[in-house]
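As structure tokens, the structure follows; a few thoughts come after it.
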Amino acid sequence: MQLAQLRHFVGLAEFNSFSKAAKALFITQPALSRSIRALETELGFALFDRVGHRIELTSFGGDVLERARQLLDDAREIGEMGAKLRGGSSGRLRVGLGSGPGAFLTRPLLVEFAARHRSMRLEIARGMTELLLQRLRARTLDALVVDLLSVPPASDLHIDRLIGMRGAFLCRPKHPLSRHRRVSFEQIVGYPIASTPLSDDIARLLMQRYGPRAHPDDLVTLRGDELPSLVEVSLLSDAILLAVRAVAPGLHELPMDPPLGGSARFGLVTLAGRTPAPTIQLLHQVMQDHLHD
């Protein structure tokens, strides 16, 4: 069964005349007759009774007419949806953001959709990478932007837009350590250390630089999922924040000896083999504009 056949059927039912319906449908009368016969053969029942030179819907044809009209309306609406998506006036984006990317992207995404894409729907989920991955695989999120160091290798994931951002130990401008030209690990552990959960790779890097005591389980005393809250704590106290440098331009970067030398690797994660949502391109642009040192 084809939509064209349903259009022919509805047109013939409206005009009750092969000649008039064929003219309105811009096809020949023999072509219309063949289309109706093929549809009746496929359905197994007659749609019209031929009464002399007139045609009338059969009882079955009357039942089919209402459904055919609904199917054609649905098909038209689907076509309009595609046109709106292509024109950027409709659509939906469901994105999961890890703690770091969330600090950079939540506000810009909200502003972008509110100001330029008012007919589109935006849903932002924040949380641990493991939980966000579960939602991606359950198809309740379209994409994730997370620290790739916390994403286990998996064949069902596609990773794009890798962006490196330098990490640092940060403190308030008038912190007791802010005037030092070199700061040792022994000096910073005298203060509270704030951080979001860190990956095993970052833990290894810290221990390589500063020894076993630098393992996050021992080093971090203030741990939370929301990076903006940790930034605020560091601005209002002597706590030292371990985070991506660019997340807190108002904080002072401590000149560590030896240097930390690490970076977060943020990336866009989608399901492999799946056609991405058309709105993913908007997410690409916001990432490009806001994820950089």
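Quick note on naming: the chains in the structure tokens go A, B, ... in the order shown, residues restart at 1 in each chain, and ligands are numbered from 1 in order of appearance.
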(message) Can you pull out the residues contacting range 279-291 of chain A? Cut-off 7 Å, using only C-alpha atoms, and skip same-chain residues under 6 positions away; I want them as a ChimeraX atom specification.
(response) /A:91-93,104-105,108-109
Export of the given selection (N, CA, C and O atoms) as a PDB file, in the first residue's frame:
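For reference, again_35.pdb as written:
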ATOM      1  N   GLY A  91      12.302  21.001  16.939  1.00  0.00           N
ATOM      2  CA  GLY A  91      13.222  19.938  17.300  1.00  0.00           C
ATOM      3  C   GLY A  91      13.396  19.826  18.803  1.00  0.00           C
ATOM      4  O   GLY A  91      12.800  20.575  19.582  1.00  0.00           O
ATOM      5  N   ARG A  92      14.260  18.876  19.196  1.00  0.00           N
ATOM      6  CA  ARG A  92      14.489  18.620  20.616  1.00  0.00           C
ATOM      7  C   ARG A  92      15.924  18.156  20.806  1.00  0.00           C
ATOM      8  O   ARG A  92      16.479  17.445  19.983  1.00  0.00           O
ATOM      9  N   LEU A  93      16.528  18.614  21.907  1.00  0.00           N
ATOM     10  CA  LEU A  93      17.860  18.163  22.273  1.00  0.00           C
ATOM     11  C   LEU A  93      17.838  17.751  23.731  1.00  0.00           C
ATOM     12  O   LEU A  93      17.494  18.539  24.606  1.00  0.00           O
ATOM     13  N   PHE A 104      30.548  24.909  32.085  1.00  0.00           N
ATOM     14  CA  PHE A 104      30.802  25.753  30.931  1.00  0.00           C
ATOM     15  C   PHE A 104      29.601  25.893  30.009  1.00  0.00           C
ATOM     16  O   PHE A 104      29.421  26.926  29.371  1.00  0.00           O
ATOM     17  N   LEU A 105      28.779  24.842  29.912  1.00  0.00           N
ATOM     18  CA  LEU A 105      27.801  24.775  28.838  1.00  0.00           C
ATOM     19  C   LEU A 105      26.359  24.987  29.253  1.00  0.00           C
ATOM     20  O   LEU A 105      25.526  25.325  28.403  1.00  0.00           O
ATOM     21  N   PRO A 108      25.168  28.749  28.560  1.00  0.00           N
ATOM     22  CA  PRO A 108      25.133  29.073  27.127  1.00  0.00           C
ATOM     23  C   PRO A 108      24.085  28.299  26.341  1.00  0.00           C
ATOM     24  O   PRO A 108      23.459  28.848  25.429  1.00  0.00           O
ATOM     25  N   LEU A 109      23.883  27.016  26.683  1.00  0.00           N
ATOM     26  CA  LEU A 109      22.855  26.246  25.991  1.00  0.00           C
ATOM     27  C   LEU A 109      21.462  26.813  26.257  1.00  0.00           C
ATOM     28  O   LEU A 109      20.647  26.957  25.339  1.00  0.00           O
TER      29      LEU A 109
END
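The list of residues with at least one atom within 8 Å of range 133-137 of chain A, based on only C-alpha atoms and without residues fewer than 6 positions apart in the same chain, reads Ala143, Leu144, Thr270 and Leu271 of chain A.
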Keeping only C-alpha atoms, write the selected residues to a file as a PDB file, in the first residue's frame.
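Generated file (part21.pdb):
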ATOM      1  CA  ALA A 143      24.199  12.959  23.611  1.00  0.00           C
ATOM      2  CA  LEU A 144      26.624  13.519  26.472  1.00  0.00           C
ATOM      3  CA  THR A 270      26.638   9.483  21.235  1.00  0.00           C
ATOM      4  CA  LEU A 271      25.557   5.924  20.469  1.00  0.00           C
TER       5      LEU A 271
END
(message) Residues within 7 Å of Arg223 in chain A, please, as number ranges by chain. Count only C-alpha atoms; anything in the same chain fewer than 6 positions from it doesn't count.
(response) A: 194-197
Atoms to include: N, CA and C atoms. Write the selected residues as an mmCIF file, in the first residue's frame.
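Wrote part_14.cif, looks like this:
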data_model
loop_
_atom_site.group_PDB
_atom_site.id
_atom_site.type_symbol
_atom_site.label_atom_id
_atom_site.label_comp_id
_atom_site.auth_asym_id
_atom_site.auth_seq_id
_atom_site.Cartn_x
_atom_site.Cartn_y
_atom_site.Cartn_z
ATOM 1 N N ALA A 194 39.355 21.034 47.312
ATOM 2 C CA ALA A 194 38.018 20.816 46.753
ATOM 3 C C ALA A 194 38.132 20.280 45.329
ATOM 4 N N SER A 195 37.256 19.350 44.965
ATOM 5 C CA SER A 195 37.284 18.792 43.616
ATOM 6 C C SER A 195 35.995 18.032 43.333
ATOM 7 N N THR A 196 35.682 17.917 42.064
ATOM 8 C CA THR A 196 34.663 16.971 41.635
ATOM 9 C C THR A 196 35.301 15.575 41.619
ATOM 10 N N PRO A 197 34.523 14.491 41.484
ATOM 11 C CA PRO A 197 35.126 13.155 41.391
ATOM 12 C C PRO A 197 36.124 13.091 40.232
#
Give me, as a short mmCIF file (atom, residue, chain, number, x, y, z; two decimals) with all heavy atoms, in the first residue's frame, the residues of range 55-272 of chain A that a backbone DSSP run labels strand (DSSP E or B).
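Output file states-v1.cif is given in full below:
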data_model
loop_
_atom_site.label_atom_id
_atom_site.label_comp_id
_atom_site.auth_asym_id
_atom_site.auth_seq_id
_atom_site.Cartn_x
_atom_site.Cartn_y
_atom_site.Cartn_z
N ILE A 55 -20.41 5.89 -9.11
CA ILE A 55 -19.70 5.04 -8.14
C ILE A 55 -20.10 5.48 -6.74
O ILE A 55 -20.37 6.66 -6.48
CB ILE A 55 -18.17 5.13 -8.30
CG1 ILE A 55 -17.69 6.58 -8.13
CG2 ILE A 55 -17.71 4.57 -9.63
CD1 ILE A 55 -16.19 6.69 -8.02
N GLU A 56 -20.19 4.51 -5.86
CA GLU A 56 -20.51 4.79 -4.46
C GLU A 56 -19.58 3.97 -3.58
O GLU A 56 -19.19 2.85 -3.92
CB GLU A 56 -21.98 4.41 -4.15
CG GLU A 56 -23.00 5.23 -4.89
CD GLU A 56 -24.42 4.78 -4.55
OE1 GLU A 56 -24.55 3.81 -3.74
OE2 GLU A 56 -25.37 5.36 -5.09
N LEU A 57 -19.22 4.54 -2.43
CA LEU A 57 -18.38 3.82 -1.46
C LEU A 57 -19.13 2.60 -0.94
O LEU A 57 -20.32 2.66 -0.64
CB LEU A 57 -18.02 4.72 -0.28
CG LEU A 57 -16.89 5.73 -0.47
CD1 LEU A 57 -16.86 6.71 0.70
CD2 LEU A 57 -15.55 5.02 -0.58
N ARG A 92 14.26 18.88 19.20
CA ARG A 92 14.49 18.62 20.62
C ARG A 92 15.92 18.16 20.81
O ARG A 92 16.48 17.45 19.98
CB ARG A 92 13.53 17.53 21.10
CG ARG A 92 13.72 17.14 22.56
CD ARG A 92 12.77 16.02 22.95
NE ARG A 92 13.09 14.78 22.26
CZ ARG A 92 12.44 13.64 22.43
NH1 ARG A 92 11.41 13.60 23.26
NH2 ARG A 92 12.79 12.54 21.78
N LEU A 93 16.53 18.61 21.91
CA LEU A 93 17.86 18.16 22.27
C LEU A 93 17.84 17.75 23.73
O LEU A 93 17.49 18.54 24.61
CB LEU A 93 18.90 19.27 22.06
CG LEU A 93 20.32 18.94 22.53
CD1 LEU A 93 20.88 17.76 21.73
CD2 LEU A 93 21.24 20.14 22.39
N ARG A 94 18.21 16.49 23.98
CA ARG A 94 18.31 15.98 25.35
C ARG A 94 19.79 15.65 25.59
O ARG A 94 20.31 14.69 25.03
CB ARG A 94 17.44 14.74 25.51
CG ARG A 94 15.96 14.96 25.16
CD ARG A 94 15.19 13.65 25.13
NE ARG A 94 15.74 12.73 24.13
CZ ARG A 94 15.32 11.49 23.95
NH1 ARG A 94 14.34 11.01 24.68
NH2 ARG A 94 15.88 10.72 23.03
N VAL A 95 20.44 16.45 26.40
CA VAL A 95 21.89 16.32 26.56
C VAL A 95 22.26 16.12 28.02
O VAL A 95 21.70 16.77 28.91
CB VAL A 95 22.62 17.56 25.97
CG1 VAL A 95 22.15 18.84 26.63
CG2 VAL A 95 24.12 17.41 26.08
N GLY A 96 23.19 15.21 28.27
CA GLY A 96 23.72 15.00 29.60
C GLY A 96 25.08 15.68 29.71
O GLY A 96 25.92 15.55 28.83
N LEU A 97 25.29 16.41 30.80
CA LEU A 97 26.53 17.15 31.00
C LEU A 97 27.23 16.69 32.27
O LEU A 97 26.62 16.65 33.35
CB LEU A 97 26.26 18.66 31.09
CG LEU A 97 25.58 19.32 29.89
CD1 LEU A 97 25.32 20.78 30.17
CD2 LEU A 97 26.42 19.15 28.64
N ARG A 121 12.92 22.29 21.93
CA ARG A 121 12.91 21.86 23.32
C ARG A 121 14.31 21.44 23.74
O ARG A 121 14.97 20.69 23.02
CB ARG A 121 11.94 20.70 23.53
CG ARG A 121 10.48 21.08 23.31
CD ARG A 121 9.57 19.91 23.65
NE ARG A 121 8.18 20.25 23.49
CZ ARG A 121 7.17 19.46 23.79
NH1 ARG A 121 7.42 18.24 24.25
NH2 ARG A 121 5.93 19.85 23.63
N LEU A 122 14.73 21.92 24.89
CA LEU A 122 16.05 21.58 25.42
C LEU A 122 15.87 20.93 26.79
O LEU A 122 15.19 21.47 27.66
CB LEU A 122 16.92 22.82 25.57
CG LEU A 122 18.26 22.65 26.29
CD1 LEU A 122 19.19 21.74 25.50
CD2 LEU A 122 18.92 24.00 26.54
N GLU A 123 16.47 19.76 26.97
CA GLU A 123 16.48 19.08 28.27
C GLU A 123 17.93 18.82 28.65
O GLU A 123 18.67 18.18 27.91
CB GLU A 123 15.71 17.75 28.20
CG GLU A 123 14.24 17.90 27.81
CD GLU A 123 13.56 16.55 27.64
OE1 GLU A 123 14.04 15.57 28.24
OE2 GLU A 123 12.57 16.49 26.88
N ILE A 124 18.34 19.33 29.82
CA ILE A 124 19.71 19.15 30.29
C ILE A 124 19.69 18.28 31.54
O ILE A 124 18.95 18.55 32.49
CB ILE A 124 20.38 20.50 30.62
CG1 ILE A 124 20.51 21.35 29.35
CG2 ILE A 124 21.75 20.28 31.25
CD1 ILE A 124 21.08 22.72 29.58
N ALA A 125 20.48 17.22 31.52
CA ALA A 125 20.64 16.34 32.68
C ALA A 125 22.06 16.48 33.18
O ALA A 125 23.02 16.48 32.41
CB ALA A 125 20.36 14.89 32.30
N ARG A 126 22.21 16.62 34.50
CA ARG A 126 23.52 16.72 35.11
C ARG A 126 23.72 15.51 36.02
O ARG A 126 22.77 14.99 36.61
CB ARG A 126 23.63 18.01 35.95
CG ARG A 126 23.42 19.29 35.16
CD ARG A 126 24.63 19.66 34.36
NE ARG A 126 25.78 19.92 35.21
CZ ARG A 126 26.04 21.12 35.76
NH1 ARG A 126 25.21 22.13 35.56
NH2 ARG A 126 27.11 21.29 36.51
N ALA A 143 22.74 12.79 23.64
CA ALA A 143 24.20 12.96 23.61
C ALA A 143 24.69 13.34 25.00
O ALA A 143 23.91 13.82 25.84
CB ALA A 143 24.60 14.03 22.60
N LEU A 144 25.98 13.11 25.23
CA LEU A 144 26.62 13.52 26.47
C LEU A 144 27.84 14.38 26.14
O LEU A 144 28.49 14.18 25.11
CB LEU A 144 27.12 12.30 27.27
CG LEU A 144 26.17 11.13 27.52
CD1 LEU A 144 26.89 10.06 28.33
CD2 LEU A 144 24.91 11.59 28.21
N VAL A 145 28.13 15.33 27.02
CA VAL A 145 29.42 16.02 26.98
C VAL A 145 30.05 15.79 28.35
O VAL A 145 29.56 16.29 29.37
CB VAL A 145 29.27 17.52 26.70
CG1 VAL A 145 30.67 18.16 26.56
CG2 VAL A 145 28.46 17.76 25.43
N VAL A 146 31.11 14.99 28.37
CA VAL A 146 31.72 14.56 29.63
C VAL A 146 33.24 14.53 29.49
O VAL A 146 33.78 14.63 28.38
CB VAL A 146 31.21 13.16 30.05
CG1 VAL A 146 29.72 13.19 30.38
CG2 VAL A 146 31.47 12.14 28.94
N ASP A 147 33.90 14.36 30.63
CA ASP A 147 35.34 14.13 30.63
C ASP A 147 35.58 12.71 30.14
O ASP A 147 35.14 11.74 30.77
CB ASP A 147 35.89 14.32 32.04
CG ASP A 147 37.42 14.27 32.08
OD1 ASP A 147 38.03 13.75 31.12
OD2 ASP A 147 38.00 14.73 33.08
N LEU A 157 29.73 3.11 21.73
CA LEU A 157 29.81 4.56 21.91
C LEU A 157 30.63 5.20 20.80
O LEU A 157 31.65 4.66 20.38
CB LEU A 157 30.44 4.90 23.27
CG LEU A 157 29.72 4.40 24.51
CD1 LEU A 157 30.48 4.80 25.76
CD2 LEU A 157 28.29 4.92 24.57
N HIS A 158 30.15 6.35 20.35
CA HIS A 158 30.89 7.15 19.36
C HIS A 158 31.32 8.45 20.03
O HIS A 158 30.51 9.13 20.66
CB HIS A 158 30.01 7.47 18.16
CG HIS A 158 30.66 8.39 17.17
ND1 HIS A 158 31.70 8.00 16.36
CD2 HIS A 158 30.43 9.71 16.88
CE1 HIS A 158 32.08 9.01 15.60
NE2 HIS A 158 31.33 10.06 15.90
N ILE A 159 32.61 8.76 19.92
CA ILE A 159 33.17 9.94 20.59
C ILE A 159 33.65 10.94 19.54
O ILE A 159 34.35 10.58 18.60
CB ILE A 159 34.32 9.54 21.53
CG1 ILE A 159 33.76 8.66 22.66
CG2 ILE A 159 35.00 10.77 22.13
CD1 ILE A 159 34.81 8.09 23.57
N ASP A 160 33.26 12.18 19.75
CA ASP A 160 33.56 13.24 18.78
C ASP A 160 33.93 14.51 19.55
O ASP A 160 33.68 14.63 20.74
CB ASP A 160 32.33 13.47 17.90
CG ASP A 160 32.62 14.35 16.71
OD1 ASP A 160 33.81 14.56 16.41
OD2 ASP A 160 31.67 14.84 16.09
N ARG A 161 34.52 15.45 18.83
CA ARG A 161 34.80 16.78 19.38
C ARG A 161 35.65 16.72 20.63
O ARG A 161 35.29 17.24 21.69
CB ARG A 161 33.49 17.51 19.69
CG ARG A 161 32.61 17.75 18.48
CD ARG A 161 32.99 19.03 17.79
NE ARG A 161 32.27 19.20 16.54
CZ ARG A 161 32.29 20.30 15.81
NH1 ARG A 161 33.03 21.32 16.20
NH2 ARG A 161 31.63 20.38 14.68
N LEU A 162 36.81 16.09 20.56
CA LEU A 162 37.70 16.04 21.72
C LEU A 162 38.33 17.41 21.95
O LEU A 162 38.90 18.02 21.04
CB LEU A 162 38.81 15.00 21.51
CG LEU A 162 38.35 13.55 21.57
CD1 LEU A 162 38.11 13.03 20.17
CD2 LEU A 162 39.37 12.70 22.27
N ILE A 163 38.23 17.89 23.17
CA ILE A 163 38.74 19.21 23.53
C ILE A 163 39.54 19.09 24.81
O ILE A 163 39.03 18.62 25.83
CB ILE A 163 37.59 20.22 23.73
CG1 ILE A 163 36.78 20.35 22.42
CG2 ILE A 163 38.12 21.58 24.17
CD1 ILE A 163 35.50 21.15 22.57
N GLY A 164 40.81 19.46 24.79
CA GLY A 164 41.65 19.43 25.98
C GLY A 164 41.62 20.75 26.71
O GLY A 164 41.74 21.82 26.10
N MET A 165 41.50 20.70 28.04
CA MET A 165 41.49 21.91 28.87
C MET A 165 42.38 21.69 30.08
O MET A 165 42.25 20.69 30.79
CB MET A 165 40.05 22.27 29.29
CG MET A 165 39.14 22.54 28.09
SD MET A 165 37.49 23.14 28.55
CE MET A 165 37.89 24.79 29.10
N ARG A 166 43.29 22.62 30.30
CA ARG A 166 44.34 22.48 31.30
C ARG A 166 43.79 22.52 32.73
O ARG A 166 42.96 23.35 33.07
CB ARG A 166 45.35 23.62 31.10
CG ARG A 166 46.57 23.56 31.97
CD ARG A 166 47.59 24.58 31.49
NE ARG A 166 47.06 25.92 31.51
CZ ARG A 166 47.10 26.73 32.58
NH1 ARG A 166 47.64 26.30 33.70
NH2 ARG A 166 46.61 27.94 32.51
N GLY A 167 44.30 21.60 33.56
CA GLY A 167 43.92 21.57 34.96
C GLY A 167 44.90 22.35 35.82
O GLY A 167 46.05 22.60 35.42
N ALA A 168 44.47 22.74 37.01
CA ALA A 168 45.32 23.54 37.90
C ALA A 168 44.79 23.49 39.32
O ALA A 168 43.64 23.12 39.58
CB ALA A 168 45.38 24.99 37.41
N PHE A 169 45.66 23.88 40.26
CA PHE A 169 45.24 24.14 41.63
C PHE A 169 44.95 25.63 41.74
O PHE A 169 45.79 26.47 41.38
CB PHE A 169 46.35 23.74 42.62
CG PHE A 169 46.51 22.26 42.80
CD1 PHE A 169 47.51 21.57 42.11
CD2 PHE A 169 45.66 21.56 43.64
CE1 PHE A 169 47.66 20.20 42.27
CE2 PHE A 169 45.81 20.18 43.81
CZ PHE A 169 46.81 19.50 43.12
N LEU A 170 43.75 25.96 42.22
CA LEU A 170 43.28 27.35 42.21
C LEU A 170 42.88 27.79 43.61
O LEU A 170 42.38 27.00 44.41
CB LEU A 170 42.07 27.48 41.27
CG LEU A 170 42.25 26.92 39.85
CD1 LEU A 170 40.91 26.83 39.14
CD2 LEU A 170 43.21 27.80 39.07
N CYS A 171 43.08 29.08 43.90
CA CYS A 171 42.70 29.62 45.20
C CYS A 171 42.21 31.05 45.03
O CYS A 171 42.36 31.66 43.96
CB CYS A 171 43.89 29.58 46.17
SG CYS A 171 45.25 30.66 45.69
N VAL A 183 54.97 26.85 44.75
CA VAL A 183 54.16 26.23 45.80
C VAL A 183 54.38 24.72 45.73
O VAL A 183 54.25 24.11 44.66
CB VAL A 183 52.66 26.56 45.63
CG1 VAL A 183 51.82 25.82 46.67
CG2 VAL A 183 52.43 28.06 45.73
N ILE A 193 41.15 20.77 50.23
CA ILE A 193 41.24 20.62 48.78
C ILE A 193 39.86 20.23 48.25
O ILE A 193 39.27 19.24 48.68
CB ILE A 193 42.26 19.54 48.37
CG1 ILE A 193 43.62 19.84 49.00
CG2 ILE A 193 42.36 19.46 46.85
CD1 ILE A 193 44.28 21.11 48.52
N ALA A 194 39.36 21.03 47.31
CA ALA A 194 38.02 20.82 46.75
C ALA A 194 38.13 20.28 45.33
O ALA A 194 39.01 20.71 44.56
CB ALA A 194 37.22 22.12 46.75
N SER A 195 37.26 19.35 44.96
CA SER A 195 37.28 18.79 43.62
C SER A 195 36.00 18.03 43.33
O SER A 195 35.32 17.56 44.25
CB SER A 195 38.48 17.85 43.45
OG SER A 195 38.45 17.20 42.19
N LEU A 222 36.98 18.13 50.14
CA LEU A 222 35.67 18.70 49.79
C LEU A 222 35.31 18.21 48.39
O LEU A 222 35.83 18.71 47.39
CB LEU A 222 35.70 20.23 49.81
CG LEU A 222 36.10 20.88 51.13
CD1 LEU A 222 36.26 22.39 50.95
CD2 LEU A 222 35.05 20.59 52.21
N ARG A 223 34.47 17.19 48.31
CA ARG A 223 34.13 16.61 47.00
C ARG A 223 32.66 16.85 46.71
O ARG A 223 31.79 16.65 47.56
CB ARG A 223 34.42 15.10 47.00
CG ARG A 223 34.11 14.44 45.66
CD ARG A 223 34.41 12.94 45.67
NE ARG A 223 35.84 12.68 45.56
CZ ARG A 223 36.59 12.18 46.54
NH1 ARG A 223 36.04 11.91 47.72
NH2 ARG A 223 37.86 11.95 46.35
N ILE A 240 41.42 25.15 48.45
CA ILE A 240 42.10 25.14 47.16
C ILE A 240 41.33 24.21 46.22
O ILE A 240 41.02 23.07 46.58
CB ILE A 240 43.56 24.67 47.31
CG1 ILE A 240 44.34 25.68 48.16
CG2 ILE A 240 44.22 24.49 45.94
CD1 ILE A 240 45.74 25.23 48.51
N LEU A 241 41.03 24.71 45.04
CA LEU A 241 40.23 23.97 44.07
C LEU A 241 41.12 23.31 43.04
O LEU A 241 41.98 23.95 42.42
CB LEU A 241 39.25 24.91 43.37
CG LEU A 241 38.40 24.30 42.24
CD1 LEU A 241 37.46 23.23 42.78
CD2 LEU A 241 37.62 25.40 41.52
N LEU A 242 40.93 22.02 42.82
CA LEU A 242 41.59 21.29 41.75
C LEU A 242 40.58 21.11 40.63
O LEU A 242 39.60 20.38 40.77
CB LEU A 242 42.07 19.93 42.25
CG LEU A 242 42.66 18.97 41.19
CD1 LEU A 242 43.82 19.61 40.46
CD2 LEU A 242 43.07 17.66 41.85
N ALA A 243 40.80 21.83 39.53
CA ALA A 243 39.80 21.84 38.45
C ALA A 243 40.43 22.36 37.16
O ALA A 243 41.60 22.76 37.14
CB ALA A 243 38.61 22.72 38.85
N VAL A 244 39.64 22.36 36.12
CA VAL A 244 40.05 22.98 34.86
C VAL A 244 40.25 24.47 35.09
O VAL A 244 39.41 25.14 35.69
CB VAL A 244 38.97 22.73 33.78
CG1 VAL A 244 39.26 23.56 32.55
CG2 VAL A 244 38.90 21.26 33.44
N HIS A 252 42.97 32.48 41.55
CA HIS A 252 44.41 32.56 41.28
C HIS A 252 44.97 31.15 41.07
O HIS A 252 44.66 30.23 41.83
CB HIS A 252 45.11 33.24 42.46
CG HIS A 252 46.60 33.23 42.38
ND1 HIS A 252 47.31 34.09 41.58
CD2 HIS A 252 47.52 32.43 43.00
CE1 HIS A 252 48.60 33.84 41.71
NE2 HIS A 252 48.75 32.84 42.56
N GLU A 253 45.80 30.98 40.02
CA GLU A 253 46.43 29.70 39.78
C GLU A 253 47.73 29.58 40.56
O GLU A 253 48.61 30.44 40.43
CB GLU A 253 46.71 29.50 38.29
CG GLU A 253 47.35 28.16 37.98
CD GLU A 253 47.58 27.93 36.49
OE1 GLU A 253 47.03 28.72 35.67
OE2 GLU A 253 48.29 26.97 36.15
N MET A 256 52.60 25.50 40.89
CA MET A 256 53.04 24.28 41.56
C MET A 256 54.45 23.88 41.13
O MET A 256 54.86 24.05 40.00
CB MET A 256 52.07 23.14 41.25
CG MET A 256 50.65 23.35 41.77
SD MET A 256 50.59 23.49 43.57
CE MET A 256 51.18 21.86 44.05
N SER A 263 45.50 17.67 32.03
CA SER A 263 44.36 18.34 31.40
C SER A 263 43.18 17.40 31.33
O SER A 263 43.34 16.18 31.29
CB SER A 263 44.73 18.82 29.99
OG SER A 263 45.01 17.73 29.15
N ALA A 264 42.00 18.01 31.33
CA ALA A 264 40.77 17.25 31.11
C ALA A 264 40.55 17.13 29.61
O ALA A 264 40.92 18.02 28.84
CB ALA A 264 39.60 17.96 31.76
N ARG A 265 39.97 16.03 29.18
CA ARG A 265 39.64 15.83 27.77
C ARG A 265 38.14 15.68 27.66
O ARG A 265 37.59 14.62 27.94
CB ARG A 265 40.36 14.60 27.22
CG ARG A 265 41.87 14.77 27.10
CD ARG A 265 42.48 13.60 26.34
NE ARG A 265 42.29 12.35 27.09
CZ ARG A 265 42.43 11.14 26.55
NH1 ARG A 265 42.71 11.01 25.27
NH2 ARG A 265 42.27 10.06 27.29
N PHE A 266 37.50 16.75 27.29
CA PHE A 266 36.06 16.74 27.13
C PHE A 266 35.70 16.31 25.72
O PHE A 266 36.41 16.61 24.76
CB PHE A 266 35.46 18.12 27.41
CG PHE A 266 35.69 18.61 28.81
CD1 PHE A 266 35.94 19.95 29.07
CD2 PHE A 266 35.65 17.73 29.89
CE1 PHE A 266 36.14 20.40 30.36
CE2 PHE A 266 35.85 18.17 31.19
CZ PHE A 266 36.11 19.52 31.42
N GLY A 267 34.59 15.59 25.61
CA GLY A 267 34.16 15.14 24.29
C GLY A 267 32.67 14.90 24.23
O GLY A 267 31.99 14.78 25.26
N LEU A 268 32.17 14.83 23.01
CA LEU A 268 30.77 14.57 22.75
C LEU A 268 30.59 13.06 22.53
O LEU A 268 31.24 12.47 21.68
CB LEU A 268 30.32 15.33 21.50
CG LEU A 268 28.88 15.14 21.05
CD1 LEU A 268 27.91 15.69 22.07
CD2 LEU A 268 28.66 15.82 19.70
N VAL A 269 29.70 12.46 23.31
CA VAL A 269 29.48 11.01 23.25
C VAL A 269 28.06 10.74 22.78
O VAL A 269 27.10 11.26 23.35
CB VAL A 269 29.70 10.36 24.63
CG1 VAL A 269 29.52 8.85 24.55
CG2 VAL A 269 31.09 10.70 25.17
N THR A 270 27.94 9.93 21.72
CA THR A 270 26.64 9.48 21.23
C THR A 270 26.70 7.97 21.04
O THR A 270 27.76 7.35 21.18
CB THR A 270 26.26 10.17 19.91
OG1 THR A 270 27.32 9.95 18.96
CG2 THR A 270 26.06 11.66 20.10
N LEU A 271 25.59 7.36 20.72
CA LEU A 271 25.56 5.92 20.47
C LEU A 271 26.06 5.63 19.06
O LEU A 271 25.62 6.26 18.09
CB LEU A 271 24.14 5.38 20.64
CG LEU A 271 23.60 5.32 22.07
CD1 LEU A 271 22.17 4.82 22.07
CD2 LEU A 271 24.47 4.44 22.95
#
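Between CA of Pro258 in chain A and CA of Asp200 in chain A the separation is 20.2 Å.
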(request) Would you return as a PyMOL selection string the members of range 37-255 of chain A that DSSP assigns to alpha helix (DSSP H) on this structure's backbone? (result) chain A and resi 37-43+59-87+99-116+129-137+185-188+200-210+216-219+227-236
(request) With a distance cut-off of 8 Å and only C-alpha atoms, select the neighbouring residues of Gly11 in chain A, excluding the residue or stretch itself and same-chain residues fewer than 2 positions from it, and output the selection as a ChimeraX atom specification. (result) /A:7-9,13-15,21,24-25
